[in-house]
Amino acid sequence: MLNSFLLFAEAVLYFGIMVTLFRFRGRIGLGVFVCALGVMHFLETYLASVFYVALPFGMVSPGSAVLFSGKLVMLLLLYIKEDAATVRQPIYGLLLGNALMIGLVLILRLHDIAPLPGGGLPDIGFIDEMGWLMVWGTTLLFVDAILIILLYEKLGKYLRKALFTRILVSVACVLTFDQAGFFTALHFVTGAPVAVFFGGWFAKMAAAFVYSTMLVAYIRWFEARQVPAPRGLSDIFDTLTYRERYEALVEHVGRDGLTGLLHRGRFDSDGEAAVATSLRTARSLSLLIIDVDHFKSINDRFGHAEGDRVLKALAILLGELVGTDDQLFRIGGEEFAILGWRPQPLARLLGETVRQAVRMSASTSRFDITVSAGISTVSETTRCLADLFALADQRLYKAKSTGRDRVVGEPGGNEADGRNTWTRPERSAGA
């Protein structure tokens with residue numbers, strides 16, 4: 001009876017201190033809560049491996065039943081009241097911190113150890129045993145923490161108004177999974193008997209009930225903000241596993257540093273795939289190559305910083321004009337490309353829209369800015385990206401050589417339309 005009461009008192013003390021730190025996170029910082037959460041991990045593992053008390057239903061360790069269960073509930077609280085991007089920090093911190101500990105222990109074993117005056121020597125075997133149990137326990141915690149959050153959100157679809165049941169079922173299921181996993185390692189490392197598994201499981205179920213009760217009471221009485229509505233599981237999983245950071249990194253690697261547009265490497269890879277899709281599905285795919293007229297003269301007269309400003313402004317303008325299915329690239333110094341699922345007439349219309357928009361945007365500038373464009377469309381004679389690009393580039397050259405500030409598409413398409421209402425005086429330098 002005494003042991004049961006003490007375990008309950010330990011759970012109340014743990015929960016009370018931790019939620020107090022969490023409650024005042026706005027004043028003292030969330031880092032205090034997170035550090036307090038992680039600092040007891042060694043004690044949890046130590047107690048789970050050597051410290052047990054007898055209860056009517058079996059052998060129980062306070063480290064597993066109280067501290068570990070409490071930590072899992074605290075991570076769930078952090079997720080509920082903050083977000084997945086916040087809760088993943090302590091999850092990964094614990095995992096990487098214990099990996100660091102094992103690495104240091106492997107180096108420490110190489111020391112020539114000097115005995116203390118009393119003859120004491122470190123128990124390296126104990127450190128090894130504890131180290132591997134901590135790594136296994138931390139790995140389980142990593143899986144448990146992600147699993148409990150996903151399960152909590154999944155249950156939200158059915159138990160949105162039953163917060164206590166939602167939390168209790170989530171905690172109980174994950175603690176059951178954890179008990180099976182940790183006991184397996186504990187049995188092989190320390191020879192723990194089966195009574196430890198059943199005793200620990202019953203204790204964890206009791207801990208799930210106690211912690212869930214206290215957690216719901218805390219949320220309803222002390223946290224003013226409402227519990228968020230259930231969120232998408234795939235988005236949460238991506239955030240918890242840093243997948244969105246990986247995708248953002250991959251996306252960033254494929255972009256031009258000055259304008260933020262997709263670069264030439266992405267043009268080559270995405271363009272080949274698009275052309276193959278167009279040939280397979282018979283869907284019209286057009287390429288527009290757009291070049292800033294007399295760009296060299298801008299650099300020469302006003303400096304490269306001004307030239308960069310022009311390119312960035314043009315990139316923003318093009319981004320506003322292209323469709324949602326279009327891809328926009330910077331493929332050269334002052335050369336841009338648009339890949340769009342549209343036939344030649346609509347591609348030409350887009351080119352004219354771009355040309356006119358650039359002229360109008362330059363009206364407030366201290367110098368005129370115009371662009372020329374060449375257009376090609378996937379056909380029997382352009383069955384690869386190289387052919388498509390060569391034809392568009394040839395038509396861009398024609399637009400340049402016949403006066404600039406124009407769009408050239410299929411032959412006979414009245415390429416001089418862009419010059420009918422306005423004549424720009426020739427400039428001396430630049431493409």
# chains A, B, ... in the order shown; residues from 1 in each chain; ligands from 1
>>> select_by_dssp(residues="range 191-393 of chain A", states="helix (DSSP H, G or I)", output="JSON, numbers by chain")
{"A": [194, 195, 196, 197, 198, 199, 200, 201, 202, 203, 204, 205, 206, 207, 208, 209, 210, 211, 212, 213, 214, 215, 216, 217, 218, 219, 220, 221, 222, 233, 234, 235, 236, 237, 238, 239, 240, 243, 244, 245, 246, 247, 248, 249, 250, 251, 252, 253, 264, 265, 266, 267, 268, 269, 270, 271, 272, 273, 274, 275, 276, 277, 278, 279, 280, 281, 295, 296, 297, 298, 299, 300, 301, 302, 304, 305, 306, 307, 308, 309, 310, 311, 312, 313, 314, 315, 316, 317, 318, 319, 320, 321, 344, 345, 346, 347, 348, 349, 350, 351, 352, 353, 354, 355, 356, 357, 358, 359, 360, 361, 362, 363, 364, 385, 386, 387, 388, 389, 390, 391, 392, 393]}
>>> select_by_dssp(residues="range 312-380 of chain A", states="strand (DSSP E)", output="number ranges by chain")
A: 327-330, 335-340, 371-377
>>> closest_atom_pairs(of="range 113-212 of chain A", to="range 62-74 of chain A", cutoff="8 Å", atoms="only C-alpha atoms", output="Markdown table")
| residue | atom | partner | partner_atom | distance |
| --- | --- | --- | --- | --- |
| A:Leu141 | CA | A:Leu72 | CA | 7.7 |
| A:Asp144 | CA | A:Leu72 | CA | 7.7 |
| A:Ala145 | CA | A:Leu72 | CA | 6.5 |
| A:Val171 | CA | A:Val73 | CA | 7.2 |
| A:Leu175 | CA | A:Ser69 | CA | 7.2 |
| A:Gly200 | CA | A:Ala65 | CA | 6.6 |
| A:Ala203 | CA | A:Ala65 | CA | 5.7 |
| A:Lys204 | CA | A:Ala65 | CA | 5.0 |
| A:Ala207 | CA | A:Ala65 | CA | 6.4 |
| A:Ala208 | CA | A:Ser69 | CA | 7.2 |
| A:Tyr211 | CA | A:Gly70 | CA | 7.0 |
| A:Ser212 | CA | A:Val73 | CA | 7.8 |
>>> closest_atom_pairs(of="range 173-226 of chain A", to="range 46-58 of chain A", cutoff="9 Å", atoms="only C-alpha atoms", output="tab-separated table")
residue	atom	partner	partner_atom	distance
A:Leu186	CA	A:Ser49	CA	6.9
A:Val189	CA	A:Ser49	CA	9.0
A:Thr190	CA	A:Ser49	CA	7.2
A:Ala192	CA	A:Ser49	CA	8.4
A:Ala195	CA	A:Gly58	CA	5.6
A:Val196	CA	A:Gly58	CA	6.5
A:Phe197	CA	A:Gly58	CA	8.4
A:Phe198	CA	A:Gly58	CA	6.5
A:Gly199	CA	A:Gly58	CA	3.9
A:Gly200	CA	A:Gly58	CA	7.4
A:Phe202	CA	A:Phe57	CA	7.2
A:Ala203	CA	A:Phe57	CA	8.5
>>> write_last_selection(atoms="C-alpha atoms", output="compact mmCIF listing (two decimals), in the first residue's frame")
# COMPACT_ATOMS: atom_id res chain seq x y z
CA LEU A 186 15.77 -5.23 -20.34
CA VAL A 189 20.56 -7.08 -20.77
CA THR A 190 19.66 -7.53 -17.09
CA ALA A 192 14.52 -9.12 -15.81
CA ALA A 195 6.77 -10.42 -13.66
CA VAL A 196 8.51 -7.13 -14.46
CA PHE A 197 6.67 -6.93 -17.79
CA PHE A 198 3.20 -7.48 -16.35
CA GLY A 199 3.84 -5.37 -13.27
CA GLY A 200 5.20 -2.56 -15.41
CA PHE A 202 -0.33 -2.55 -15.07
CA ALA A 203 1.56 0.34 -13.51
>>> residues_around(residues="range 313-325 of chain A", least_positions_apart="4", cutoff="7 Å", atoms="only C-alpha atoms", output="PyMOL selection string")
chain A and resi 259+309+340-341
>>> residues_around(residues="Gly254 in chain A", least_positions_apart="4", cutoff="8 Å", atoms="only C-alpha atoms", output="list in words")
Val250, Leu262, His263, Gly265 and Arg266 of chain A
>>> closest_residue(among="A:Leu350, A:Ile113, A:Ile375, A:Ala390", to="Pro411 in chain A", atoms="only C-alpha atoms")
A:Ile375
>>> atom_distance(atom1="CA of Val275 in chain A", atom2="CA of Arg342 in chain A")
12.5 Å
>>> residues_around(residues="Tyr218 in chain A", least_positions_apart="4", cutoff="10 Å", atoms="only C-alpha atoms", output="tab-separated table (two decimals) with C-alpha atoms, in the first residue's frame")
chain	number	residue	atom	x	y	z
A	15	PHE	CA	3.35	16.50	-13.13
A	16	GLY	CA	2.91	19.51	-10.85
A	19	VAL	CA	3.19	21.85	-15.83
A	20	THR	CA	4.19	24.79	-13.63
A	23	ARG	CA	2.46	27.27	-17.59
A	77	LEU	CA	1.04	18.46	-23.85
A	212	SER	CA	-4.58	11.80	-18.47
A	213	THR	CA	-6.86	13.00	-15.69
A	214	MET	CA	-4.36	15.61	-14.52
A	222	PHE	CA	-5.16	26.77	-16.79
A	223	GLU	CA	-4.77	26.97	-20.58
>>> residues_around(residues="Gln89 in chain A", least_positions_apart="4", cutoff="9 Å", atoms="only C-alpha atoms", output="VMD selection string")
chain A and resid 34 84 to 85 93 to 94 240
>>> write_last_selection(atoms="N, CA and C atoms", output="mmCIF file, in the first residue's frame")
data_model
loop_
_atom_site.group_PDB
_atom_site.id
_atom_site.type_symbol
_atom_site.label_atom_id
_atom_site.label_comp_id
_atom_site.auth_asym_id
_atom_site.auth_seq_id
_atom_site.Cartn_x
_atom_site.Cartn_y
_atom_site.Cartn_z
ATOM 1 N N VAL A 34 11.799 22.344 -21.425
ATOM 2 C CA VAL A 34 12.425 21.303 -22.235
ATOM 3 C C VAL A 34 13.653 20.719 -21.531
ATOM 4 N N ALA A 84 3.760 20.846 -33.877
ATOM 5 C CA ALA A 84 4.672 19.742 -34.179
ATOM 6 C C ALA A 84 6.108 20.220 -34.353
ATOM 7 N N ALA A 85 6.297 21.422 -34.899
ATOM 8 C CA ALA A 85 7.653 21.940 -35.095
ATOM 9 C C ALA A 85 8.348 22.209 -33.763
ATOM 10 N N GLY A 93 16.421 16.094 -29.731
ATOM 11 C CA GLY A 93 17.490 16.400 -28.782
ATOM 12 C C GLY A 93 17.835 15.216 -27.910
ATOM 13 N N LEU A 94 16.828 14.508 -27.415
ATOM 14 C CA LEU A 94 17.065 13.314 -26.604
ATOM 15 C C LEU A 94 17.751 12.225 -27.413
ATOM 16 N N LEU A 240 7.159 16.392 -38.004
ATOM 17 C CA LEU A 240 7.861 15.681 -36.934
ATOM 18 C C LEU A 240 9.154 15.046 -37.431
#
>>> atom_distance(atom1="CA of Leu349 in chain A", atom2="CA of Asp256 in chain A")
26.5 Å
>>> closest_residue(among="A:Ser4, A:Thr165, A:Ala114, A:Phe237", to="Ala206 in chain A", atoms="only C-alpha atoms")
A:Ser4
>>> atom_distance(atom1="CA of Val292 in chain A", atom2="CA of Val378 in chain A")
24.5 Å
>>> closest_residue(among="A:Tyr79, A:Trp201, A:Trp132, A:Phe164", to="Val105 in chain A", atoms="only C-alpha atoms")
A:Trp132
